[in-house]
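data-v5.csv follows; it contains CSV, C-alpha atoms.
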```csv
chain,number,residue,atom,x,y,z
A,1,MET,CA,-9.5,-24.2,3.6
A,2,LYS,CA,-9.2,-20.5,3.0
A,3,ILE,CA,-11.0,-18.9,0.1
A,4,ALA,CA,-9.9,-15.4,-0.9
A,5,VAL,CA,-12.5,-13.2,-2.6
A,6,LEU,CA,-10.7,-10.6,-4.8
A,7,SER,CA,-11.3,-7.9,-7.4
A,8,GLY,CA,-9.2,-5.3,-9.1
A,9,LYS,CA,-11.4,-2.5,-8.2
A,10,GLY,CA,-13.9,-1.5,-5.5
A,11,GLY,CA,-17.6,-2.0,-6.1
A,12,THR,CA,-17.5,-5.2,-8.1
A,13,GLY,CA,-19.1,-7.2,-5.3
A,14,LYS,CA,-16.4,-8.8,-3.1
A,15,THR,CA,-18.3,-8.2,0.0
A,16,PHE,CA,-21.6,-9.3,-1.7
A,17,VAL,CA,-20.0,-12.6,-2.8
A,18,SER,CA,-18.2,-13.1,0.5
A,19,VAL,CA,-21.2,-12.6,2.8
A,20,ASN,CA,-23.4,-14.7,0.6
A,21,LEU,CA,-20.8,-17.5,0.5
A,22,ALA,CA,-20.6,-17.3,4.3
A,23,ALA,CA,-24.4,-17.3,4.7
A,24,THR,CA,-24.7,-20.3,2.3
A,25,LEU,CA,-22.0,-22.2,4.1
A,26,GLY,CA,-23.4,-21.3,7.6
A,27,LYS,CA,-20.7,-22.9,9.7
A,28,CYS,CA,-17.6,-21.2,8.5
A,29,THR,CA,-15.3,-18.2,9.2
A,30,TYR,CA,-15.8,-14.9,7.6
A,31,MET,CA,-12.8,-12.5,7.6
A,32,ASP,CA,-13.0,-8.9,6.5
A,33,CYS,CA,-9.5,-8.0,5.4
A,34,ASP,CA,-10.6,-4.9,3.6
A,35,VAL,CA,-9.3,-3.0,6.6
A,36,GLU,CA,-9.4,0.4,5.0
A,37,GLU,CA,-13.1,0.2,4.6
A,38,PRO,CA,-14.6,-3.0,6.1
A,39,ASN,CA,-18.3,-3.4,5.5
A,40,GLY,CA,-19.0,-7.1,5.9
A,41,TYR,CA,-20.4,-6.3,9.4
A,42,LEU,CA,-23.2,-4.4,7.8
A,43,PHE,CA,-24.6,-7.6,6.4
A,44,LEU,CA,-23.5,-10.2,8.9
A,45,LYS,CA,-24.4,-8.0,11.9
A,46,PRO,CA,-22.1,-10.0,14.2
A,47,GLU,CA,-22.0,-9.9,18.0
A,48,ILE,CA,-18.5,-8.9,18.9
A,49,ARG,CA,-17.0,-10.6,21.9
A,50,ALA,CA,-13.4,-9.6,21.7
A,51,GLU,CA,-11.4,-6.6,20.6
A,52,GLU,CA,-7.6,-6.5,20.3
A,53,LYS,CA,-5.2,-3.6,19.5
A,54,VAL,CA,-2.7,-4.3,16.8
A,55,THR,CA,0.8,-2.9,17.4
A,56,VAL,CA,4.0,-2.8,15.3
A,57,ASN,CA,7.6,-2.4,16.4
A,58,LEU,CA,9.1,0.9,15.4
A,59,PRO,CA,12.9,1.2,15.5
A,60,ALA,CA,14.6,3.6,17.9
A,61,PHE,CA,18.4,4.2,17.7
A,62,ASP,CA,20.9,4.4,20.4
A,63,ALA,CA,23.3,7.1,19.2
A,64,GLU,CA,25.9,6.1,21.8
A,65,LYS,CA,26.2,2.6,20.4
A,66,CYS,CA,25.8,3.6,16.7
A,67,ASP,CA,29.2,3.7,14.8
A,68,GLY,CA,27.7,5.3,11.7
A,69,CYS,CA,28.2,2.4,9.4
A,70,ARG,CA,24.8,3.1,7.8
A,71,ALA,CA,24.0,-0.5,7.2
A,72,CYS,CA,20.5,0.2,8.4
A,73,VAL,CA,20.0,3.2,6.1
A,74,ASP,CA,21.2,1.3,3.1
A,75,PHE,CA,19.1,-1.7,4.0
A,76,CYS,CA,15.8,0.1,4.3
A,77,ARG,CA,14.2,-0.3,0.9
A,78,PHE,CA,11.4,2.0,2.0
A,79,ASN,CA,13.9,4.8,2.7
A,80,ALA,CA,12.4,5.3,6.1
A,81,LEU,CA,15.8,6.0,7.6
A,82,ALA,CA,18.2,8.9,7.2
A,83,TYR,CA,21.6,9.4,8.7
A,84,ILE,CA,21.6,13.0,9.9
A,85,MET,CA,24.3,14.8,12.0
A,86,ASN,CA,25.9,11.5,13.0
A,87,ARG,CA,22.8,9.6,14.0
A,88,PRO,CA,20.1,7.5,12.3
A,89,VAL,CA,16.6,9.0,12.2
A,90,VAL,CA,13.4,7.1,11.5
A,91,PHE,CA,10.4,8.4,9.7
A,92,PRO,CA,7.6,6.4,11.4
A,93,GLU,CA,5.0,7.0,8.6
A,94,VAL,CA,7.4,5.6,6.0
A,95,CYS,CA,8.6,2.7,8.1
A,96,HIS,CA,6.8,-0.6,7.1
A,97,PRO,CA,8.0,-2.0,9.9
A,98,CYS,CA,10.1,-5.0,8.9
A,99,GLU,CA,12.7,-4.8,11.7
A,100,GLY,CA,15.4,-5.4,9.1
A,101,CYS,CA,17.4,-2.4,10.5
A,102,ALA,CA,17.9,-4.3,13.7
A,103,MET,CA,19.0,-7.4,11.9
A,104,VAL,CA,21.8,-5.7,9.9
A,105,CYS,CA,23.0,-3.6,12.9
A,106,SER,CA,26.3,-5.0,14.1
A,107,ARG,CA,26.4,-2.7,17.2
A,108,ASP,CA,23.1,-3.7,18.8
A,109,ALA,CA,22.0,0.0,18.6
A,110,VAL,CA,18.4,-0.7,17.5
A,111,SER,CA,15.6,-1.2,20.0
A,112,PHE,CA,11.9,-1.2,19.4
A,113,GLN,CA,8.9,0.8,20.6
A,114,LYS,CA,5.4,-0.4,20.2
A,115,LYS,CA,3.0,1.7,18.1
A,116,GLU,CA,-0.7,1.0,17.9
A,117,VAL,CA,-1.8,0.8,14.2
A,118,GLY,CA,-5.3,-0.7,14.4
A,119,THR,CA,-7.8,-3.0,16.0
A,120,VAL,CA,-9.0,-6.5,15.3
A,121,TYR,CA,-12.6,-7.6,16.2
A,122,GLN,CA,-13.8,-11.1,16.7
A,123,GLY,CA,-17.3,-12.3,17.1
A,124,ALA,CA,-20.1,-14.5,15.6
A,125,SER,CA,-23.1,-14.1,13.3
A,126,GLY,CA,-25.2,-17.2,13.9
A,127,ASP,CA,-22.9,-20.2,13.1
A,128,THR,CA,-20.5,-18.0,11.2
A,129,GLU,CA,-17.3,-17.0,13.0
A,130,PHE,CA,-16.6,-13.3,12.3
A,131,ILE,CA,-13.2,-11.6,12.3
A,132,SER,CA,-12.6,-8.0,11.1
A,133,GLY,CA,-10.2,-5.2,11.5
A,134,THR,CA,-9.7,-1.5,11.2
A,135,MET,CA,-6.7,0.7,10.6
A,136,ASN,CA,-6.0,3.8,12.7
A,137,ILE,CA,-6.5,7.0,10.7
A,138,GLY,CA,-3.3,8.2,9.1
A,139,GLU,CA,-1.6,4.7,8.9
A,140,ALA,CA,0.1,4.1,5.6
A,141,SER,CA,-0.4,0.3,5.5
A,142,GLY,CA,-3.0,-2.1,6.7
A,143,VAL,CA,-0.7,-5.1,6.3
A,144,PRO,CA,-0.1,-5.5,10.1
A,145,VAL,CA,-3.8,-5.5,10.8
A,146,ILE,CA,-4.5,-8.0,8.0
A,147,ARG,CA,-1.7,-10.3,9.3
A,148,ARG,CA,-3.3,-10.4,12.7
A,149,ILE,CA,-6.7,-11.2,11.3
A,150,LEU,CA,-5.2,-14.1,9.3
A,151,GLU,CA,-3.3,-15.3,12.4
A,152,LYS,CA,-6.5,-15.4,14.4
A,153,SER,CA,-8.2,-17.5,11.7
A,154,SER,CA,-5.6,-20.3,12.1
A,155,ASP,CA,-7.6,-21.4,15.2
A,156,CYS,CA,-10.7,-21.8,13.0
A,157,ASP,CA,-11.6,-25.2,11.4
A,158,GLY,CA,-13.4,-25.7,8.1
A,159,ILE,CA,-13.9,-23.2,5.4
A,160,SER,CA,-12.8,-19.6,5.8
A,161,VAL,CA,-14.0,-16.8,3.4
A,162,ILE,CA,-11.6,-13.9,3.2
A,163,ASP,CA,-13.2,-10.6,2.0
A,164,CYS,CA,-10.0,-9.0,0.5
A,165,PRO,CA,-9.0,-5.4,0.0
A,166,PRO,CA,-9.5,-4.2,-3.6
A,167,GLY,CA,-6.7,-3.9,-6.1
A,168,SER,CA,-3.4,-5.8,-6.4
A,169,GLY,CA,-1.1,-4.0,-3.9
A,170,CYS,CA,0.7,-5.1,-0.7
A,171,MET,CA,-2.5,-5.7,1.3
A,172,VAL,CA,-4.0,-7.9,-1.4
A,173,MET,CA,-0.7,-9.9,-1.7
A,174,GLU,CA,-0.8,-10.5,2.1
A,175,THR,CA,-4.2,-12.1,1.9
A,176,VAL,CA,-3.5,-14.0,-1.3
A,177,SER,CA,-0.4,-15.5,0.2
A,178,GLU,CA,-2.5,-17.2,2.9
A,179,ALA,CA,-5.3,-18.4,0.5
A,180,ASP,CA,-5.8,-22.0,-0.7
A,181,TYR,CA,-8.2,-20.9,-3.4
A,182,CYS,CA,-8.9,-17.5,-5.0
A,183,ILE,CA,-12.1,-16.1,-6.4
A,184,ILE,CA,-11.9,-13.1,-8.7
A,185,VAL,CA,-15.2,-11.2,-8.8
A,186,GLY,CA,-15.7,-9.5,-12.2
A,187,GLU,CA,-18.2,-7.1,-13.7
A,188,PRO,CA,-19.3,-6.9,-17.3
A,189,THR,CA,-17.3,-3.8,-18.4
A,190,GLU,CA,-14.0,-3.2,-20.2
A,191,PHE,CA,-12.8,-1.5,-17.1
A,192,GLY,CA,-13.9,-4.5,-15.0
A,193,LYS,CA,-12.0,-6.9,-17.4
A,194,ASP,CA,-8.9,-4.8,-17.1
A,195,ASN,CA,-9.0,-4.9,-13.4
A,196,MET,CA,-9.7,-8.7,-13.4
A,197,SER,CA,-6.6,-9.2,-15.5
A,198,MET,CA,-4.4,-7.4,-13.0
A,199,VAL,CA,-5.6,-9.6,-10.1
A,200,PHE,CA,-5.4,-12.7,-12.3
A,201,LYS,CA,-1.7,-12.0,-13.0
A,202,LEU,CA,-1.1,-11.5,-9.3
A,203,VAL,CA,-2.8,-14.7,-8.3
A,204,LYS,CA,-1.0,-16.6,-11.0
A,205,GLY,CA,2.3,-15.3,-9.7
A,206,PHE,CA,1.5,-16.9,-6.4
A,207,GLY,CA,0.6,-20.1,-8.1
A,208,LYS,CA,-2.8,-20.3,-6.5
A,209,PRO,CA,-5.8,-22.1,-7.9
A,210,VAL,CA,-8.3,-19.5,-9.2
A,211,GLY,CA,-11.9,-19.2,-10.5
A,212,ALA,CA,-14.1,-16.3,-11.3
A,213,VAL,CA,-17.6,-15.2,-10.2
A,214,LEU,CA,-19.2,-12.9,-12.8
A,215,ASN,CA,-21.3,-10.4,-11.0
A,216,LYS,CA,-24.0,-8.0,-12.4
A,217,CYS,CA,-24.6,-10.1,-15.5
A,218,THR,CA,-27.1,-8.5,-17.8
A,219,GLY,CA,-27.2,-11.0,-20.7
A,220,GLY,CA,-25.4,-8.6,-22.9
A,221,LYS,CA,-21.7,-8.4,-23.9
A,222,ASN,CA,-19.4,-9.4,-21.0
A,223,PRO,CA,-15.7,-8.6,-21.5
A,224,SER,CA,-14.8,-10.2,-18.2
A,225,GLU,CA,-16.4,-13.5,-19.3
A,226,GLU,CA,-14.5,-13.3,-22.6
A,227,TYR,CA,-11.3,-12.7,-20.7
A,228,CYS,CA,-12.0,-15.9,-18.6
A,229,ILE,CA,-12.5,-17.9,-21.7
A,230,GLU,CA,-9.3,-16.5,-23.2
A,231,GLU,CA,-7.2,-17.2,-20.1
A,232,GLY,CA,-8.9,-20.5,-19.2
A,233,ILE,CA,-10.2,-19.2,-15.9
A,234,PRO,CA,-13.1,-21.4,-14.7
A,235,VAL,CA,-16.3,-19.5,-14.3
A,236,LEU,CA,-17.7,-20.7,-10.9
A,237,GLY,CA,-21.0,-18.8,-11.3
A,238,LYS,CA,-22.9,-15.9,-12.8
A,239,ILE,CA,-24.9,-13.5,-10.7
A,240,PRO,CA,-27.7,-11.8,-12.6
A,241,PHE,CA,-28.0,-8.0,-12.3
A,242,THR,CA,-31.5,-7.6,-10.7
A,243,ARG,CA,-33.3,-4.8,-8.9
A,244,ASN,CA,-34.2,-7.2,-6.1
A,245,THR,CA,-30.6,-8.0,-5.4
A,246,GLY,CA,-29.8,-4.3,-5.3
A,247,ASN,CA,-32.6,-3.5,-3.0
A,248,LEU,CA,-31.7,-6.3,-0.6
A,249,SER,CA,-28.1,-5.3,-0.5
A,250,SER,CA,-28.9,-1.6,0.0
A,251,ARG,CA,-31.0,-2.6,3.1
A,252,GLY,CA,-28.0,-4.6,4.5
A,253,GLU,CA,-29.6,-7.9,3.9
A,254,ILE,CA,-27.8,-11.0,2.6
A,255,SER,CA,-29.5,-11.6,-0.7
A,256,CYS,CA,-29.3,-15.4,-0.9
A,257,LEU,CA,-31.3,-15.7,2.4
A,258,ALA,CA,-34.2,-13.9,0.7
A,259,ASP,CA,-33.9,-15.2,-2.8
A,260,GLY,CA,-34.0,-18.9,-3.5
A,261,GLU,CA,-32.6,-18.6,-7.0
A,262,LEU,CA,-29.6,-16.8,-5.7
A,263,LYS,CA,-29.1,-19.3,-3.0
A,264,GLU,CA,-28.9,-22.0,-5.7
A,265,ILE,CA,-26.2,-20.1,-7.5
A,266,PHE,CA,-24.1,-19.8,-4.3
A,267,ILE,CA,-24.6,-23.5,-3.5
A,268,SER,CA,-23.4,-24.3,-7.0
A,269,ILE,CA,-20.4,-21.9,-6.7
A,270,ILE,CA,-19.3,-23.7,-3.5
A,271,GLY,CA,-19.7,-27.0,-5.3
A,272,ASN,CA,-17.6,-25.8,-8.2
A,273,ILE,CA,-14.8,-24.6,-5.9
A,274,LEU,CA,-14.7,-27.9,-4.1
A,275,ASN,CA,-14.5,-29.7,-7.5
A,276,GLU,CA,-11.8,-27.4,-8.7
A,277,MET,CA,-9.8,-28.0,-5.5
A,278,LYS,CA,-10.2,-31.8,-6.0
A,279,GLU,CA,-9.0,-31.7,-9.5
A,280,GLY,CA,-6.1,-29.5,-8.4
A,281,VAL,CA,-6.5,-27.1,-11.3
A,282,ILE,CA,-4.0,-24.3,-11.2
A,283,GLY,CA,-5.2,-21.1,-13.0
B,284,MET,CA,29.3,27.3,0.4
B,285,ARG,CA,27.6,24.5,-1.6
B,286,ILE,CA,24.4,25.2,-3.4
B,287,ALA,CA,22.1,22.4,-4.6
B,288,VAL,CA,19.4,22.6,-7.3
B,289,PRO,CA,17.3,19.7,-8.7
B,290,ALA,CA,18.1,19.6,-12.4
B,291,ASN,CA,16.5,18.0,-15.5
B,292,GLU,CA,18.3,15.6,-18.0
B,293,ASP,CA,19.3,18.7,-20.0
B,294,LYS,CA,21.4,19.9,-17.1
B,295,LYS,CA,20.2,23.5,-17.9
B,296,THR,CA,16.8,23.6,-16.3
B,297,VAL,CA,15.4,23.3,-12.8
B,298,CYS,CA,13.4,20.1,-12.3
B,299,ILE,CA,9.9,20.7,-11.1
B,300,SER,CA,10.2,17.6,-8.8
B,301,TYR,CA,12.7,17.6,-6.1
B,302,GLY,CA,12.7,14.0,-4.9
B,303,ARG,CA,12.3,12.6,-8.4
B,304,ALA,CA,14.7,14.9,-10.2
B,305,PRO,CA,17.3,13.0,-12.2
B,306,PHE,CA,20.2,15.1,-11.1
B,307,PHE,CA,21.3,17.6,-8.4
B,308,MET,CA,23.5,20.4,-9.5
B,309,ILE,CA,26.0,21.3,-6.8
B,310,GLU,CA,27.7,24.6,-7.1
B,311,ASP,CA,30.7,25.1,-4.8
B,312,THR,CA,31.1,28.9,-4.5
B,313,GLU,CA,34.6,28.6,-2.9
B,314,LYS,CA,36.0,26.3,-5.5
B,315,GLY,CA,34.0,27.9,-8.3
B,316,SER,CA,33.1,24.4,-9.4
B,317,ARG,CA,29.8,23.0,-10.7
B,318,GLU,CA,28.9,19.3,-10.7
B,319,PHE,CA,25.9,17.2,-11.6
B,320,GLU,CA,25.2,14.3,-9.2
B,321,ILE,CA,22.7,11.5,-9.9
B,322,ASN,CA,19.8,11.6,-7.5
B,323,PRO,CA,19.2,8.1,-6.0
B,324,GLY,CA,15.6,9.2,-5.0
B,325,ALA,CA,14.6,9.3,-8.7
B,326,GLU,CA,14.6,5.5,-8.8
B,327,ALA,CA,13.3,4.9,-5.3
B,328,GLU,CA,10.0,2.9,-4.9
B,329,GLY,CA,9.0,5.0,-1.8
B,330,GLY,CA,10.6,7.5,0.5
B,331,ALA,CA,12.2,9.3,-2.5
B,332,GLY,CA,12.3,12.7,-0.7
B,333,ILE,CA,14.1,11.2,2.2
B,334,LYS,CA,16.6,9.4,0.0
B,335,ALA,CA,17.2,12.6,-2.1
B,336,ALA,CA,17.7,14.6,1.1
B,337,GLN,CA,20.2,12.1,2.4
B,338,LYS,CA,22.1,12.5,-0.8
B,339,LEU,CA,22.2,16.3,-0.3
B,340,LEU,CA,23.5,15.9,3.3
B,341,ASP,CA,26.2,13.5,2.0
B,342,LEU,CA,27.2,16.0,-0.7
B,343,GLU,CA,27.5,18.6,2.1
B,344,ALA,CA,25.0,21.0,0.6
B,345,ASP,CA,24.4,24.1,2.6
B,346,VAL,CA,21.5,25.4,0.6
B,347,LEU,CA,18.8,23.9,-1.6
B,348,LEU,CA,17.0,25.9,-4.3
B,349,THR,CA,13.8,24.1,-5.3
B,350,PRO,CA,10.3,24.9,-6.7
B,351,ARG,CA,8.8,22.5,-4.1
B,352,CYS,CA,9.6,20.0,-1.4
B,353,GLY,CA,7.8,17.3,0.6
B,354,GLU,CA,7.5,17.3,4.4
B,355,ASN,CA,9.8,14.3,5.1
B,356,ALA,CA,12.5,15.7,2.9
B,357,VAL,CA,12.2,19.1,4.6
B,358,GLU,CA,12.5,17.4,8.0
B,359,VAL,CA,15.8,15.7,6.9
B,360,LEU,CA,17.2,18.9,5.5
B,361,ARG,CA,16.1,20.9,8.6
B,362,GLN,CA,17.8,18.5,11.0
B,363,GLY,CA,20.8,18.5,8.7
B,364,LYS,CA,20.9,22.3,8.7
B,365,VAL,CA,20.3,22.8,5.0
B,366,GLU,CA,18.4,26.0,4.2
B,367,ILE,CA,15.7,25.8,1.5
B,368,TYR,CA,14.8,28.6,-0.9
B,369,LYS,CA,12.0,28.7,-3.5
B,370,THR,CA,13.0,29.0,-7.1
B,371,THR,CA,11.0,31.3,-9.4
B,372,SER,CA,11.9,30.1,-12.9
B,373,ASP,CA,13.3,27.0,-14.5
B,374,ASN,CA,16.6,28.5,-15.6
B,375,LEU,CA,19.4,27.0,-13.5
B,376,ASP,CA,21.9,29.8,-14.1
B,377,ASP,CA,19.3,32.5,-13.3
B,378,GLU,CA,18.2,30.9,-10.1
B,379,ILE,CA,21.8,30.5,-8.8
B,380,ALA,CA,22.4,34.2,-9.7
B,381,LYS,CA,19.1,35.3,-7.9
B,382,TYR,CA,20.1,33.3,-4.8
B,383,LYS,CA,23.5,35.0,-4.7
B,384,ASN,CA,21.8,38.4,-5.1
B,385,GLY,CA,19.5,37.6,-2.2
B,386,GLU,CA,16.4,37.6,-4.4
B,387,LEU,CA,15.0,34.2,-3.5
B,388,GLU,CA,12.7,33.7,-0.6
B,389,THR,CA,12.7,30.8,1.9
B,390,LEU,CA,10.4,27.9,0.9
B,391,THR,CA,7.4,28.1,3.2
B,392,GLU,CA,4.9,25.9,1.4
B,393,VAL,CA,5.6,22.2,2.1
B,394,HIS,CA,3.5,19.5,0.5
B,395,LYS,CA,2.4,16.4,2.3
B,396,GLY,CA,4.5,14.2,-0.1
B,397,LEU,CA,3.1,12.0,-2.8
B,398,HIS,CA,3.1,8.8,-0.7
B,399,HIS,CA,1.8,5.5,-1.8
B,400,SER,CA,1.6,2.4,0.5
```
File written out as structure tokens:
Amino acid sequence: MKIAVLSGKGGTGKTFVSVNLAATLGKCTYMDCDVEEPNGYLFLKPEIRAEEKVTVNLPAFDAEKCDGCRACVDFCRFNALAYIMNRPVVFPEVCHPCEGCAMVCSRDAVSFQKKEVGTVYQGASGDTEFISGTMNIGEASGVPVIRRILEKSSDCDGISVIDCPPGSGCMVMETVSEADYCIIVGEPTEFGKDNMSMVFKLVKGFGKPVGAVLNKCTGGKNPSEEYCIEEGIPVLGKIPFTRNTGNLSSRGEISCLADGELKEIFISIIGNILNEMKEGVIG
Amino acid sequence: MRIAVPANEDKKTVCISYGRAPFFMIEDTEKGSREFEINPGAEAEGGAGIKAAQKLLDLEADVLLTPRCGENAVEVLRQGKVEIYKTTSDNLDDEIAKYKNGELETLTEVHKGLHHS
């Protein structure tokens, strides 16, 4: 079972929730799909045993074979192709690379060149299997790296925790599409609520079961909690905003391993997810 | 010679955006004609500059007068042998006249484009 940990903005506590879930579960797989700025390794401190370069296929055009029909240029929804002086030209930074140009070419004029876009790392932190990835500087999209991380996880049994990229863009959709259950991490601000609603709409669009973890709870007004009640999103757990949690996190420690109360909260969050899954509640 | 200028909805002023301009005005100096063509880049999700530049090549523009231009668009236009000059006001008629009098300079500042992934 794959559990995606999401939030509409950075800094709400995706990694905090993910690594604490992984540490509470122990025997599980942790995947850091936040490939623009992965930081799960700071907490899990894994021993990396394998590294793999991720490549994509960039199109190259044979001007001899091309008859100028422009089917490829018209097909490319990213506008990565132009037809200049009787030949197709590709803009590698704009190419996503879907290989659709080759599919629509009736003259077999498109071949592919491999381009390295990032790296995937695999290792372990105690009983927890660890998979992470980084993008090469200057790459426009981390989707190919995320796809490779998710492919690797298919060998892993049991529960996987996916630490997702922030927001609700392409990279998030890639991770959500693979998830069996989605957790949205929220914080008690109007801005946090707004971001939560963006991710909730996305997850709902995918028809995935969803629950919320309310982070940084102060006991005061919590717009994210109000939103959960309004939308009928089950609240899986509430994490209190404490100096101790902040201190532990800032030292790269996994809070639930040092704080018994927090450990109980994470055990109960896991129990609530399993119950939700059993009941088959769709958000 | 065919001169292209990104134009606003009013068809009188130069659009400050090249790739997202609603229209391109094309002046054909031989025919003495002036036409406004819809810019397909305006509606593009991404790669607007490339799509807009493609349109200019298809319209057989020789020259583009624009306040600014992104690097991908410049590359398409460079390979397609379209010269780019920098406009100095938002008045379409004035800019065409200035170009004809040799008063406009080649566009040298190229921005990195306003990409989003």
As a check of understanding: the span from atom CA of Phe78 of chain A to atom CA of Val94 of chain A is 6.7 Å
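The smallest atom-to-atom distance between Thr312 of chain B and any of B:Asn291, B:Glu386, B:Ser300, B:Val346, using all atoms listed in the file, is found for B:Val346.
The gap separating atom CA of Gly220 of chain A from atom CA of Thr24 of chain A is 27.8 Å, in Å to one decimal.
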Taking only C-alpha atoms into account and nothing else, which residues of chain A lie no more than 9 Å away from chain B? Please answer as a ChimeraX atom specification. /A:77-85,89,91,94,96,140-142,169-170
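Within 10 Å of Phe16 of chain A, once only C-alpha atoms are used and residues closer than 2 positions along the same chain are dropped, the contacting residues are A:Val5, A:Gly11, A:Thr12, A:Gly13, A:Lys14, A:Ser18, A:Val19, A:Asn20, A:Leu21, A:Asn39, A:Gly40, A:Phe43, A:Asp163, A:Val185, A:Asn215, A:Thr245, A:Ser249, A:Glu253, A:Ile254, A:Ser255, A:Cys256.
The space between atom CA of Asp34 of chain A and atom CA of Pro166 of chain A spans 7.3 Å.
Between Cys69 of chain A and the residues A:Val104, A:Asn195, A:Val145, A:Lys204, the shortest atom-to-atom distance, using only C-alpha atoms, involves A:Val104.
Comparing A:Met173, A:Cys72, A:Val235, A:Ile184 by their smallest distance to Glu99 of chain A, the closest is A:Cys72 (using only C-alpha atoms).
Contact shell of Ala179 of chain A at 6 Å (only C-alpha atoms; same-chain neighbours under 4 positions omitted): Lys2, Ile3 and Ala4 of chain A.
If you count only C-alpha atoms and ignore residues fewer than 6 places along the chain from Glu354 of chain B, what sits within 9 Å of it is Gly332, Val393, His394, Lys395 and Gly396 of chain B.
When only C-alpha atoms are used to measure the gap to Val90 of chain A, the shortest distance among A:Cys76, A:Met1, A:Met277, A:Cys156 belongs to A:Cys76.
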Would you pick out the contacts of Glu231 of chain A at 12 Å or less, using only C-alpha atoms, so that residues sharing its chain but fewer than 6 positions from it are not included, and give the list as a VMD selection string? chain A and resid 193 196 to 197 200 to 201 204 210 to 212 224 to 225 282 to 283
What lies within 9 Å of Met308 of chain B using all atoms listed in the file, ignoring chain neighbours under 3 positions off, as a PyMOL selection string? chain B and resi 286-290+294+317-321+375
Your completed segment 309-313 of chain B with all heavy atoms, as a compact mmCIF listing (two decimals), in the frame of the given file:
```txt
# COMPACT_ATOMS: atom_id res chain seq x y z
N ILE B 309 25.34 20.77 -8.05
CA ILE B 309 26.00 21.30 -6.80
C ILE B 309 26.98 22.37 -7.29
O ILE B 309 27.93 22.07 -8.03
CB ILE B 309 26.75 20.19 -6.07
CG1 ILE B 309 25.83 19.02 -5.73
CG2 ILE B 309 27.43 20.76 -4.83
CD1 ILE B 309 24.85 19.27 -4.62
N GLU B 310 26.76 23.59 -6.85
CA GLU B 310 27.70 24.60 -7.10
C GLU B 310 28.51 24.94 -5.85
O GLU B 310 27.93 25.23 -4.81
CB GLU B 310 27.06 25.92 -7.64
CG GLU B 310 28.07 27.04 -7.84
CD GLU B 310 27.61 28.10 -8.81
OE1 GLU B 310 27.05 27.75 -9.86
OE2 GLU B 310 27.83 29.29 -8.49
N ASP B 311 29.82 24.81 -5.95
CA ASP B 311 30.70 25.10 -4.80
C ASP B 311 31.25 26.52 -5.02
O ASP B 311 32.07 26.74 -5.92
CB ASP B 311 31.82 24.06 -4.73
CG ASP B 311 32.58 24.18 -3.42
OD1 ASP B 311 32.95 25.32 -3.05
OD2 ASP B 311 32.80 23.14 -2.78
N THR B 312 30.79 27.46 -4.22
CA THR B 312 31.10 28.90 -4.50
C THR B 312 32.62 29.15 -4.15
O THR B 312 33.22 30.03 -4.76
CB THR B 312 30.25 29.82 -3.66
OG1 THR B 312 30.31 29.45 -2.29
CG2 THR B 312 28.81 29.78 -4.13
N GLU B 313 33.19 28.41 -3.19
CA GLU B 313 34.60 28.60 -2.90
C GLU B 313 35.52 28.10 -3.99
O GLU B 313 36.43 28.79 -4.43
CB GLU B 313 34.99 27.92 -1.55
CG GLU B 313 34.69 28.78 -0.32
CD GLU B 313 33.45 28.32 0.42
OE1 GLU B 313 33.49 27.21 0.98
OE2 GLU B 313 32.44 29.04 0.41
```
